[in-house]
Amino acid sequence: MTTSEPIIISPDTRRQNRIPPGQSQTHKWPVLDASGPPRLDMSRWRLQLAGLVHREISFSWEEFQALPKVKVFADFHCVTRWSRLDNTWEGVSTKTLVDLAGGVKPDCGFVLAYGYDRGWTTNVPLADFLSDDALVAVTHDGEPLTGEHGGPARLIVPQLYAWKSAKWLAGIEFLAGDKPGFWERNGYHMHGDPWNEERFG
C-alpha cells in the first residue's frame with residue numbers, strides 16, 4: 001500500500017496471519033448477492049438514518065458526496081470462504097454519520113442496514129458499526145463502486161463477514177435490541193465474526 005494521504009488502517013490487517021480460519025485468499029473480487037443490482041434513479045437517491053438517534057436525517061446524493069471523507073485500508077472476508085486482502089475504501093465514516101444525527105440514544109445497541117434491493121437488510125452490533133474502520137464507501141481502490149459491487153454506496157464493516165457490509169445502502173435504523181436481517185433469517189449468524197467462523201446460526 002502506498003498513499004500520501006492519511007488513512008485508517010483496519011486492525012485485522014496488522015495480524016501476522018491475515019486469512020481467517022476456513023478462508024482462502026483471492027486476488028479477484030467475486031460478485032455475490034441475493035437478487036442482483038437494483039435500478040437506481042440518483043436524483044431520488046437518499047440515505048436515511050432513523051430510530052434511536054437524537055435527530056433523524058436524510059441525505060441526497062449531492063449532500064452525501066459533500067460530507068467529509070475518510071480512507072480505510074482493510075481486508076474483506078466473504079462467508080463463502082474467500083478473502084480479498086489490501087482493499088482501500090473511501091467514503092463517509094459511520095461515526096461522522098452518527099455525529100450528524102446528534103448521536104445515539106442511551107438504549108441503542110444495534111443497527112439494521114437496509115439496501116435498495118427490496119426486502120434486504122442486515123443487522124450489526126452498534127460497537128462494530130462504530131468501529132474506526134467502518135464507513136459508507138463510494139470508492140474501492142480509487143474507483144467509484146460499480147453497481148455489481150454495491151455502488152453507488154455500500155456499508156463496509158471490515159471486521160465482520162462481507163454480507164454485513166450492505167450493498168446499495170438506503171438506510172440505517174438504530175435499535176435497542178438485535179433484529180435479524182435477510183440472511184440471518186435464512187440461517188446465517190447474527191454476528192458474523194470471521195475469526196471465530198461465525199458463519200451460521
# chains A, B, ... in the order shown; residues from 1 in each chain; ligands from 1

$ select_by_dssp --residues "chain A" --states "strand (DSSP E)" --output "ChimeraX atom specification"
/A:8-9,24-25,46-51,57-60,70-77,82-93,110-115,121-125,135-140,143-144,154-156,169-175

$ write_last_selection --atoms "C-alpha atoms" --output "mmCIF file, in the first residue's frame"
data_model
loop_
_atom_site.group_PDB
_atom_site.id
_atom_site.type_symbol
_atom_site.label_atom_id
_atom_site.label_comp_id
_atom_site.auth_asym_id
_atom_site.auth_seq_id
_atom_site.Cartn_x
_atom_site.Cartn_y
_atom_site.Cartn_z
ATOM 1 C CA ILE A 8 -7.288 4.450 8.682
ATOM 2 C CA ILE A 9 -5.688 1.030 9.000
ATOM 3 C CA SER A 24 -8.650 -18.853 1.011
ATOM 4 C CA GLN A 25 -7.104 -15.729 -0.500
ATOM 5 C CA ARG A 46 -31.487 9.029 -0.274
ATOM 6 C CA LEU A 47 -29.599 7.674 2.703
ATOM 7 C CA GLN A 48 -31.751 7.819 5.820
ATOM 8 C CA LEU A 49 -30.768 7.478 9.488
ATOM 9 C CA ALA A 50 -33.701 6.699 11.763
ATOM 10 C CA GLY A 51 -34.643 5.112 15.060
ATOM 11 C CA ILE A 57 -31.744 12.729 8.993
ATOM 12 C CA SER A 58 -31.720 12.038 5.272
ATOM 13 C CA PHE A 59 -29.093 12.840 2.645
ATOM 14 C CA SER A 60 -29.490 13.285 -1.099
ATOM 15 C CA VAL A 70 -12.040 9.052 5.087
ATOM 16 C CA LYS A 71 -9.918 6.334 3.520
ATOM 17 C CA VAL A 72 -9.745 2.868 5.074
ATOM 18 C CA PHE A 73 -7.212 0.128 4.312
ATOM 19 C CA ALA A 74 -8.840 -3.216 5.131
ATOM 20 C CA ASP A 75 -9.260 -6.859 4.261
ATOM 21 C CA PHE A 76 -12.575 -8.280 3.045
ATOM 22 C CA HIS A 77 -13.783 -11.745 4.063
ATOM 23 C CA TRP A 82 -12.759 -16.292 0.076
ATOM 24 C CA SER A 83 -10.740 -13.357 1.391
ATOM 25 C CA ARG A 84 -9.537 -10.347 -0.597
ATOM 26 C CA LEU A 85 -6.691 -8.519 1.110
ATOM 27 C CA ASP A 86 -5.403 -4.938 0.751
ATOM 28 C CA ASN A 87 -8.571 -3.050 -0.162
ATOM 29 C CA THR A 88 -8.677 0.739 0.040
ATOM 30 C CA TRP A 89 -12.139 2.171 0.591
ATOM 31 C CA GLU A 90 -13.136 5.830 0.598
ATOM 32 C CA GLY A 91 -16.379 7.254 1.924
ATOM 33 C CA VAL A 92 -18.058 8.695 4.989
ATOM 34 C CA SER A 93 -17.193 7.305 8.401
ATOM 35 C CA PHE A 110 -27.705 -2.410 17.313
ATOM 36 C CA VAL A 111 -28.307 -1.170 13.800
ATOM 37 C CA LEU A 112 -30.281 -2.633 10.918
ATOM 38 C CA ALA A 113 -28.964 -1.666 7.476
ATOM 39 C CA TYR A 114 -31.417 -1.504 4.567
ATOM 40 C CA GLY A 115 -30.488 -1.994 0.921
ATOM 41 C CA THR A 121 -31.492 -5.974 5.455
ATOM 42 C CA THR A 122 -28.640 -6.982 7.739
ATOM 43 C CA ASN A 123 -28.039 -6.447 11.444
ATOM 44 C CA VAL A 124 -24.822 -5.171 13.045
ATOM 45 C CA PRO A 125 -23.994 -4.530 16.708
ATOM 46 C CA LEU A 135 -17.683 3.550 6.686
ATOM 47 C CA VAL A 136 -20.219 4.052 3.925
ATOM 48 C CA ALA A 137 -17.937 3.642 0.934
ATOM 49 C CA VAL A 138 -18.303 5.223 -2.500
ATOM 50 C CA THR A 139 -14.958 4.130 -3.991
ATOM 51 C CA HIS A 140 -12.840 0.978 -3.918
ATOM 52 C CA GLU A 143 -12.507 3.823 -8.483
ATOM 53 C CA PRO A 144 -16.228 4.516 -7.949
ATOM 54 C CA ARG A 154 -22.326 0.467 0.463
ATOM 55 C CA LEU A 155 -21.713 -0.100 4.125
ATOM 56 C CA ILE A 156 -18.250 -1.516 4.908
ATOM 57 C CA LEU A 169 -27.275 1.188 1.114
ATOM 58 C CA ALA A 170 -30.582 3.014 1.549
ATOM 59 C CA GLY A 171 -30.986 3.425 5.279
ATOM 60 C CA ILE A 172 -29.750 2.668 8.767
ATOM 61 C CA GLU A 173 -32.144 2.060 11.651
ATOM 62 C CA PHE A 174 -30.800 2.321 15.192
ATOM 63 C CA LEU A 175 -32.359 -0.203 17.567
#

$ closest_atom_pairs --of "stretch 38-86 of chain A" --to "stretch 193-199 of chain A" --cutoff "9 Å" --atoms "only C-alpha atoms" --output "tab-separated table"
residue	atom	partner	partner_atom	distance
A:His77	CA	A:Pro194	CA	7.0
A:Cys78	CA	A:Pro194	CA	8.4
A:Val79	CA	A:Arg199	CA	6.1
A:Thr80	CA	A:Arg199	CA	8.8

$ select_by_dssp --residues "chain A" --states "alpha helix (DSSP H)" --output "ChimeraX atom specification"
/A:61-65,94-100,126-129,182-185

$ closest_residue --among "A:Met42, A:Asp107, A:Trp183, A:Asn17" --to "A:Glu63" --atoms "only C-alpha atoms"
A:Met42

$ atom_distance --atom1 "atom CA of A:His149" --atom2 "atom CA of A:Gly36"
9.8 Å

$ residues_around --residues "A:Glu184" --least-positions-apart "2" --cutoff "12 Å" --atoms "only C-alpha atoms" --output "list in words"
Leu112, Trp120, Thr121, Thr122, Asn123, Val124, Trp163, Lys164, Asp178, Lys179, Pro180, Gly181, Phe182, Asn186, Gly187, Tyr188, His189, Met190, His191, Gly192, Glu198, Arg199, Phe200 and Gly201 of chain A

$ closest_residue --among "A:Gly119, A:Pro68, A:Pro158, A:Gly103" --to "A:Pro11" --atoms "only C-alpha atoms"
A:Pro158
